[in-house]
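Source file: run-v7.tsv. Holds: TSV, C-alpha atoms and all ligand atoms.
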```tsv
chain	number	residue	atom	x	y	z
C	1	MET	CA	128.12	115.37	92.08
C	2	PRO	CA	125.18	116.23	94.35
C	3	TYR	CA	122.09	117.73	92.71
C	4	THR	CA	120.00	120.40	94.38
C	5	VAL	CA	116.30	119.64	94.21
C	6	GLY	CA	113.73	122.28	95.09
C	7	TYR	CA	110.49	120.78	96.32
C	8	ILE	CA	107.26	122.69	95.86
C	9	VAL	CA	104.33	121.77	98.10
C	10	GLY	CA	100.98	122.50	96.47
C	11	SER	CA	99.23	122.98	99.82
C	12	LEU	CA	99.28	126.13	101.95
C	13	ALA	CA	97.85	124.26	104.97
C	14	ARG	CA	99.93	124.45	108.17
C	15	LYS	CA	99.56	120.71	108.79
C	16	SER	CA	99.77	119.62	105.16
C	17	ILE	CA	100.11	115.87	104.66
C	18	ASN	CA	101.88	116.69	101.41
C	19	ARG	CA	104.57	118.70	103.21
C	20	THR	CA	105.03	115.77	105.62
C	21	LEU	CA	105.36	113.52	102.56
C	22	ALA	CA	107.92	115.89	100.99
C	23	VAL	CA	110.07	115.80	104.14
C	24	ALA	CA	109.79	112.00	104.29
C	25	LEU	CA	110.87	111.81	100.63
C	26	SER	CA	113.88	114.05	101.39
C	27	ARG	CA	114.99	111.52	103.98
C	28	LEU	CA	114.49	108.56	101.63
C	29	ALA	CA	116.37	110.22	98.74
C	30	PRO	CA	119.81	108.94	97.70
C	31	PRO	CA	122.72	111.06	99.03
C	32	GLU	CA	123.30	112.63	95.61
C	33	LEU	CA	120.04	114.61	96.01
C	34	ARG	CA	119.88	117.66	98.33
C	35	LEU	CA	116.27	118.69	98.86
C	36	THR	CA	115.01	122.05	100.13
C	37	GLU	CA	111.56	123.60	99.96
C	38	ILE	CA	110.82	126.44	97.56
C	39	PRO	CA	107.84	128.11	99.26
C	40	ILE	CA	104.90	129.48	97.27
C	41	GLY	CA	102.68	130.81	100.07
C	42	GLU	CA	103.79	134.47	99.90
C	43	LEU	CA	103.32	134.90	96.17
C	44	PRO	CA	100.58	137.37	95.24
C	45	LEU	CA	98.09	136.43	92.54
C	46	TYR	CA	99.80	136.66	89.15
C	47	SER	CA	98.75	139.33	86.67
C	48	ARG	CA	100.66	140.37	83.56
C	49	ASP	CA	100.45	143.90	84.92
C	50	HIS	CA	103.41	142.86	87.12
C	51	ASP	CA	105.60	141.86	84.16
C	52	SER	CA	107.29	145.25	83.83
C	53	ASP	CA	108.10	145.43	87.56
C	54	TYR	CA	108.28	141.90	88.96
C	55	PRO	CA	107.69	141.77	92.74
C	56	VAL	CA	110.79	140.83	94.76
C	57	VAL	CA	109.07	137.76	96.21
C	58	ALA	CA	108.31	136.48	92.71
C	59	GLN	CA	111.84	137.18	91.48
C	60	GLU	CA	113.25	135.33	94.49
C	61	PHE	CA	110.94	132.42	93.71
C	62	LYS	CA	112.21	132.33	90.12
C	63	ASP	CA	115.83	132.60	91.29
C	64	ALA	CA	115.34	129.63	93.66
C	65	ILE	CA	114.02	127.55	90.76
C	66	LYS	CA	116.88	128.68	88.52
C	67	ALA	CA	119.40	127.67	91.21
C	68	SER	CA	117.89	124.17	91.48
C	69	ASP	CA	118.97	121.29	89.28
C	70	ALA	CA	115.47	119.79	89.44
C	71	LEU	CA	112.02	120.24	90.96
C	72	LEU	CA	109.87	117.85	92.96
C	73	PHE	CA	106.18	118.76	93.07
C	74	VAL	CA	104.34	117.29	96.05
C	75	THR	CA	100.73	118.29	95.75
C	76	PRO	CA	97.23	117.59	96.95
C	77	GLU	CA	94.31	117.33	94.55
C	78	TYR	CA	91.67	120.07	94.72
C	79	ASN	CA	88.43	119.34	92.89
C	80	ARG	CA	90.17	116.86	90.61
C	81	SER	CA	92.94	119.29	89.63
C	82	ILE	CA	95.88	121.10	91.22
C	83	PRO	CA	95.34	123.78	93.90
C	84	GLY	CA	95.08	127.33	92.60
C	85	ALA	CA	98.11	128.35	94.69
C	86	LEU	CA	100.29	125.90	92.78
C	87	LYS	CA	98.99	127.01	89.39
C	88	ASN	CA	99.62	130.61	90.42
C	89	ALA	CA	103.23	129.75	91.35
C	90	ILE	CA	103.78	128.04	88.01
C	91	ASP	CA	102.41	131.08	86.19
C	92	TRP	CA	104.89	133.33	88.05
C	93	ALA	CA	107.74	130.97	87.13
C	94	THR	CA	106.98	131.25	83.41
C	95	ARG	CA	106.74	135.02	83.01
C	96	PRO	CA	107.60	137.62	81.72
C	97	TYR	CA	107.38	135.99	78.30
C	98	GLY	CA	110.75	134.53	77.30
C	99	SER	CA	112.03	133.97	80.85
C	100	ASN	CA	110.33	130.66	81.74
C	101	VAL	CA	112.59	129.15	84.42
C	102	LEU	CA	110.80	125.78	84.15
C	103	ASN	CA	112.14	125.33	80.62
C	104	GLY	CA	114.24	122.14	80.52
C	105	LYS	CA	114.09	121.71	84.30
C	106	PRO	CA	113.81	118.02	85.22
C	107	ALA	CA	110.76	117.43	87.41
C	108	ALA	CA	108.81	114.77	89.25
C	109	VAL	CA	105.24	114.82	90.53
C	110	VAL	CA	103.86	113.03	93.59
C	111	GLY	CA	100.96	113.63	95.93
C	112	ALA	CA	98.97	112.34	98.86
C	113	SER	CA	95.26	112.38	99.56
C	114	PRO	CA	92.93	110.42	101.84
C	115	GLY	CA	90.83	109.54	98.78
C	116	PRO	CA	90.97	106.10	97.08
C	117	ILE	CA	92.27	107.44	93.74
C	118	SER	CA	94.69	109.64	95.68
C	119	THR	CA	95.94	112.58	93.58
C	120	ALA	CA	95.89	110.83	90.20
C	121	LEU	CA	93.85	113.45	88.36
C	122	ALA	CA	95.72	116.42	89.85
C	123	GLN	CA	98.98	114.77	88.82
C	124	GLN	CA	97.71	114.27	85.26
C	125	HIS	CA	96.78	117.94	85.03
C	126	LEU	CA	100.13	119.00	86.44
C	127	LYS	CA	102.00	116.78	83.97
C	128	SER	CA	100.07	118.39	81.16
C	129	ILE	CA	101.10	121.88	82.37
C	130	LEU	CA	104.73	120.77	82.76
C	131	SER	CA	104.67	119.44	79.22
C	132	PHE	CA	103.74	122.94	78.01
C	133	THR	CA	106.48	124.55	80.15
C	134	ASP	CA	108.92	122.07	78.55
C	135	SER	CA	110.00	120.51	81.83
C	136	PRO	CA	110.93	116.83	81.38
C	137	VAL	CA	108.81	114.89	83.89
C	138	LEU	CA	109.64	111.49	85.36
C	139	GLY	CA	107.21	109.05	83.72
C	140	GLN	CA	107.77	105.94	85.83
C	141	PRO	CA	107.23	105.00	88.53
C	142	GLU	CA	104.09	106.94	89.39
C	143	ALA	CA	103.38	107.65	93.06
C	144	TYR	CA	99.78	108.06	94.19
C	145	ILE	CA	99.95	107.96	97.97
C	146	GLN	CA	96.74	107.28	99.86
C	147	PHE	CA	96.95	108.94	103.24
C	148	GLY	CA	95.55	107.16	106.29
C	149	GLU	CA	96.29	106.97	110.00
C	150	GLY	CA	99.54	105.07	110.29
C	151	LEU	CA	101.17	106.20	107.03
C	152	PHE	CA	103.63	108.39	108.97
C	153	ASP	CA	105.21	107.78	112.38
C	154	ASP	CA	105.62	110.52	115.01
C	155	GLU	CA	108.85	111.73	113.36
C	156	GLY	CA	107.16	112.07	109.98
C	157	ASP	CA	108.87	109.05	108.44
C	158	ILE	CA	106.90	106.52	106.39
C	159	ARG	CA	105.81	103.81	108.80
C	160	VAL	CA	104.66	101.17	106.27
C	161	PRO	CA	107.82	99.30	105.10
C	162	SER	CA	106.48	98.44	101.62
C	163	THR	CA	105.57	102.11	101.02
C	164	ALA	CA	108.97	103.30	102.30
C	165	GLU	CA	110.67	100.82	99.97
C	166	PHE	CA	108.55	101.92	97.02
C	167	LEU	CA	109.27	105.61	97.68
C	168	THR	CA	112.99	104.93	98.08
C	169	GLY	CA	112.91	103.38	94.60
C	170	TYR	CA	110.91	106.38	93.38
C	171	MET	CA	113.59	108.81	94.58
C	172	ARG	CA	116.32	106.66	92.99
C	173	ALA	CA	114.44	106.77	89.68
C	174	PHE	CA	114.13	110.56	90.06
C	175	ALA	CA	117.90	110.85	90.62
C	176	ALA	CA	118.50	108.85	87.42
C	177	HIS	CA	116.01	111.10	85.58
C	178	ILE	CA	117.91	114.22	86.76
C	179	ARG	CA	121.23	112.71	85.66
C	180	ARG	CA	119.75	112.08	82.19
C	181	HIS	CA	118.31	115.57	81.80
C	182	HIS	CA	120.27	118.10	83.77
C	183	HIS	CA	122.34	119.18	80.76
C	184	ASP	CA	119.14	120.24	78.97
C	185	ILE	CA	118.60	123.30	81.18
C	186	PRO	CA	119.09	126.39	79.00
C	187	ASP	CA	120.88	129.54	80.16
C	188	LEU	CA	118.36	132.34	80.52
H	1	LIG	C1	90.08	118.52	98.71
H	1	LIG	N1	90.40	117.17	98.83
H	1	LIG	C2	90.40	116.37	97.71
H	1	LIG	N2	90.92	115.09	97.73
H	1	LIG	C3	90.97	114.35	96.61
H	1	LIG	O1	91.49	113.23	96.64
H	1	LIG	N3	90.47	114.81	95.42
H	1	LIG	C4	89.91	116.05	95.33
H	1	LIG	O2	89.48	116.44	94.25
H	1	LIG	C5	89.87	116.87	96.49
H	1	LIG	N4	89.34	118.13	96.44
H	1	LIG	C6	89.55	119.01	97.49
H	1	LIG	C7	89.23	120.35	97.34
H	1	LIG	C8	89.51	121.24	98.36
H	1	LIG	C9	89.23	122.71	98.17
H	1	LIG	C10	90.08	120.78	99.58
H	1	LIG	C11	90.39	121.74	100.71
H	1	LIG	C12	90.34	119.44	99.75
H	1	LIG	C13	90.84	116.63	100.14
H	1	LIG	C14	92.36	116.71	100.25
H	1	LIG	O3	92.93	115.57	99.64
H	1	LIG	C15	92.79	116.76	101.73
H	1	LIG	O4	92.25	117.95	102.32
H	1	LIG	C16	94.28	116.71	101.89
H	1	LIG	O5	94.61	116.66	103.27
H	1	LIG	C17	94.93	117.95	101.28
H	1	LIG	O6	96.34	117.85	101.35
H	1	LIG	P1	97.19	118.73	102.38
H	1	LIG	O7	96.68	120.14	102.34
H	1	LIG	O8	96.96	118.11	103.77
H	1	LIG	O9	98.60	118.57	101.92
```

Now, as a test, write the supplied structure out as structure tokens.
Ligand code: FNR
Amino acid sequence: MPYTVGYIVGSLARKSINRTLAVALSRLAPPELRLTEIPIGELPLYSRDHDSDYPVVAQEFKDAIKASDALLFVTPEYNRSIPGALKNAIDWATRPYGSNVLNGKPAAVVGASPGPISTALAQQHLKSILSFTDSPVLGQPEAYIQFGEGLFDDEGDIRVPSTAEFLTGYMRAFAAHIRRHHHDIPDL
């Protein structure tokens, strides 16, 4: 049975290397995974004042997560943590209290950065947040992708064969993780 995977890009940049990576990962994924982006760029800043009258854009965001069997977070690191836009999106997904759509949702976290430690610290922070939201996160393998000229070809595919092979294995491991966990998603 194919699984629908919503990918969430932590960057709002038009030429985001993380969005390019997300598309490349979609192409490397096994056929049982169907990946589509769940955009976060139109979400206003979360405040609990909205809880009694959730904005349509936020409800649609939550519905897209609910309709997905799993989530793939592809994020840059901002100042050694996740971008504020991504944290804001996660906050919307978990409210109003008692309607956290991340609960039980299998997830994986990857990211690209030009820096030598890539997005390791942002990913650690994100995994800590996803532990609180009770979303089972793929533990291994980890994928810290260092971006440099030549990582992607003109079509946005991974040009370096060893990296493409590693990321193919990563997506296979994610598929196995979803298979293990997709029955845990509660009805809300
Ligand atoms: C960065 N960048 C960055 N890189 C990193 O490896 N660790 C970091 O802590 C930060 N901090 C940071 C803060 C802010 C505000 C910006 C704008 C950038 C650099 C970042 O990795 C680079 O801009 C990537 O290209 C961002 O990914 P996208 O937007 O291209 O997907």

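Distances from C:Gln124, C:Ser47, C:Asn79, C:Ser68 to Arg34 (chain C) were compared using all atoms listed in the file, and the smallest one belongs to C:Ser68.
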
Contacts between ligand LIG 1 (chain H) and chain C, please, where a residue of chain C counts if it comes within 7 Å (with all atoms listed in the file); show its shortest atom pair and distance in Å to one decimal, rows by chain and ascending number, as a tab-separated table.
```
residue	atom	partner	partner_atom	distance
C:Ser11	CA	H:LIG1	O7	4.6
C:Leu12	CA	H:LIG1	O7	6.5
C:Ala13	CA	H:LIG1	O7	5.0
C:Lys15	CA	H:LIG1	O8	6.2
C:Ser16	CA	H:LIG1	O8	3.5
C:Ile17	CA	H:LIG1	O8	4.0
C:Asn18	CA	H:LIG1	O9	3.8
C:Arg19	CA	H:LIG1	O9	6.1
C:Thr75	CA	H:LIG1	O9	6.5
C:Pro76	CA	H:LIG1	O6	4.5
C:Glu77	CA	H:LIG1	C4	4.6
C:Tyr78	CA	H:LIG1	N4	3.5
C:Asn79	CA	H:LIG1	O2	3.4
C:Arg80	CA	H:LIG1	O2	3.7
C:Ser81	CA	H:LIG1	O2	6.4
C:Ala112	CA	H:LIG1	O6	6.6
C:Ser113	CA	H:LIG1	O3	4.0
C:Pro114	CA	H:LIG1	O3	5.6
C:Gly115	CA	H:LIG1	O1	4.3
C:Ile117	CA	H:LIG1	O1	6.5
C:Ser118	CA	H:LIG1	O1	4.9
C:Thr119	CA	H:LIG1	O1	5.4
```

Any idea what's packed within 9 Å of Phe61 (chain C), counting only C-alpha atoms, ignoring anything in its chain fewer than 4 positions away? Could you give it as number ranges by chain?
C: 38-40, 43, 56-57, 65-66, 89, 92-93

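Note that CA of Gly41 (chain C) and CA of Thr20 (chain C) are 16.2 Å apart.
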
Could you tell me how far CA of Lys62 (chain C) sits from CA of Thr168 (chain C), in Å to one decimal place?
28.5 Å

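As for CA of Ile158 (chain C) and CA of Leu21 (chain C), they are spaced 8.1 Å apart.
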